[in-house]
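Student: Sharing a structure below in structure tokens format, with a few things to ask.
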Amino acid sequence: MQDRSGEELPDAERRIAARLLLAHPLVTASGPHADGFPLIRRHRDWLTERFDTLLGYRLVIGPWHARLFKAGLGPGAARRLEHPATGAPFTPAGYARLALALALLVDAPEQLPYGRLVQAMRAAAPDLAAEGAPTGTAALDTSLGAALDASLDMALAALADWQVLGELPADPGDTAFVLTVDRELARAVPAGPPALADDAADLIRRAAEAEPGTAVRRLLAETPAVLTTDLPEDQREWLREHRLSGPAALAEFLGLEAELRAEGVALLDPAAELTDLALPGAGTLAQAALLLVERLVEEVRPLPGEDPGGDVAIPDALIDGVLGDIADDHDLPARYLADRTALRRDALDLLHRLGLITPTPRATWLLRPPAARYAPAPDLRPTPGTGRHSRPTTPTPPPPREGPHT
């Protein structure tokens, strides 16, 4: 029998490199994913061609870094940036400071005093300065720590995480601390020139422009599931005509498994490596969200024989009741016990980002078909909850007594 291991090795390496780039669009030779960088370099021509053909993504590979320039998915489909240490979502001011810092760093010296960068950012955009921050040089030197707000911290932490900046000062007031700047990486971060767009909405629209097949494959690669009801007519028609071959080509490229259903298509990752949001996941919020979606599916899913349809309305009272049960029955952080509104907001936000629920214009929520994956297994003898909103259970009748002749 012929040994095919030598033939299969390049395919495995290419798949590893493609998956790495999809999950981490900026890979450096000295960063946390440095082990994969030689594979990307080795198969750069093949990767460049496949990313362009299947997804319309541009791949640029230099001596010390690889950058996959992804395209947008359109309005409402952006994946938010988060603080690399705290996980806090970027604020509009955080995005503004990030863009401003990048604009300054592309031409900055390789060794840049920290205080000089902050001063340059404030001089370039005074309206972004922290409210009440000192403006004079002497005041800056003595109380920069008080002026450094969360949005500036977000921007600089992200740049350090991407290795555009080296180590940040432990003390934000240390204006003499010298930053190491990688100008090449600073130029590699922006995906396109925003000057071509008329405004923010036009920039988002332009970034998502693609022929139907490419647009659908992007959705398959970047989102948990693609529902036909969400697609415009040209993309829906393409998916109907290429229902098997379209997802299969992308699944083969990335080592995924295609799941075809009446509602749409999903690409599943057996290794669970390509998702940035996991459910079940670590942390109290993820556990609370899982319990919430399980109960919502159990309560509102159609009965056998009923038309499953598409999205299903979720009564607000049901959401509040289930979250009340979760708070009563499980150990939640004190901040969620003290602020049930925050628990509701954060749990629903997580389920929304996972594509399991979607908001309506009337500020209510709809349960989406992919949520059926989290339907709880039938339990003929469930353990009763202790929460105020738990449903009463019918006692199990005692078994009949055995007579002398049974």
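Identifiers in the structure tokens: chain A, B, ... in order shown; residue index from 1 per chain; ligand index from 1 in order shown.
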Just the strand (DSSP E or B) stuff from region 271-363 of chain A, please, per backbone DSSP, written as an MDAnalysis selection string.

Tutor: chainID A and resid 312:314 357:359

Student: Any idea what's packed within 12 Å of Leu59 (chain A), counting only C-alpha atoms, ignoring anything in its chain fewer than 6 positions away? Could you give it as a short mmCIF file (atom, residue, chain, number, x, y, z; two decimals) with C-alpha atoms, in the first residue's frame?

Tutor:
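New file result-v9.cif:
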data_model
loop_
_atom_site.label_atom_id
_atom_site.label_comp_id
_atom_site.auth_asym_id
_atom_site.auth_seq_id
_atom_site.Cartn_x
_atom_site.Cartn_y
_atom_site.Cartn_z
CA ALA A 18 -5.32 29.17 6.82
CA LEU A 21 -4.86 33.58 9.65
CA LEU A 22 -8.64 33.51 9.76
CA PRO A 25 -5.39 38.23 10.81
CA LEU A 26 -2.08 39.71 12.00
CA VAL A 27 0.61 37.09 12.72
CA ILE A 40 2.35 30.80 6.37
CA ARG A 41 5.60 31.79 4.69
CA HIS A 43 2.61 28.20 1.62
CA ARG A 44 2.18 31.92 0.95
CA ASP A 45 1.39 31.61 -2.76
CA TRP A 46 -1.31 28.99 -2.24
CA LEU A 47 -2.81 30.84 0.75
CA THR A 48 -2.83 34.13 -1.13
CA GLU A 49 -4.68 32.58 -4.07
CA ARG A 50 -7.24 30.67 -1.98
CA PHE A 51 -8.12 33.56 0.32
CA ASP A 52 -8.59 35.80 -2.69
CA THR A 53 -10.62 33.29 -4.70
CA HIS A 65 4.65 39.44 9.65
CA ALA A 66 1.59 38.24 7.74
CA ARG A 67 -1.56 40.36 7.43
CA LEU A 68 -4.89 39.06 6.18
CA PHE A 69 -7.02 42.03 5.15
CA LYS A 70 -10.59 40.95 5.79
CA ALA A 71 -13.62 42.70 4.35
CA ALA A 188 -0.21 46.97 8.19
CA ALA A 191 -7.50 47.54 6.13
#

Student: Counting only C-alpha atoms, what is within 7 Å of region 11-16 of chain A, bar same-chain residues fewer than 5 positions away, as a PyMOL selection string?

Tutor: chain A and resi 39+43+253-255

Student: In region 139-384 of chain A, what's alpha helix (DSSP H) per DSSP? Answer as a PyMOL selection string?

Tutor: chain A and resi 139-147+150-161+183-188+200-208+212-222+233-241+245-254+284-300+316-329+334-338+340-353

Student: Measuring atom to atom with only C-alpha atoms, identify which of A:Pro315, A:Ala123, A:Asp161, A:Ala78 is nearest to Glu299 (chain A).

Tutor: A:Pro315

Student: Here is a test: counting only C-alpha atoms, which residue of A:Asp346, A:Val226, A:Leu100, A:Ala271 is nearest to Gln287 (chain A)?

Tutor: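 When distances to Gln287 (chain A) are compared using only C-alpha atoms, the smallest one comes from A:Asp346.
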
Student: Which neighbours of Arg243 (chain A) fall inside 10 Å, counting only C-alpha atoms, when residues of the same chain fewer than 6 positions from it are skipped, and could you give them as a PyMOL selection string?

Tutor: chain A and resi 236-237+260+264-265
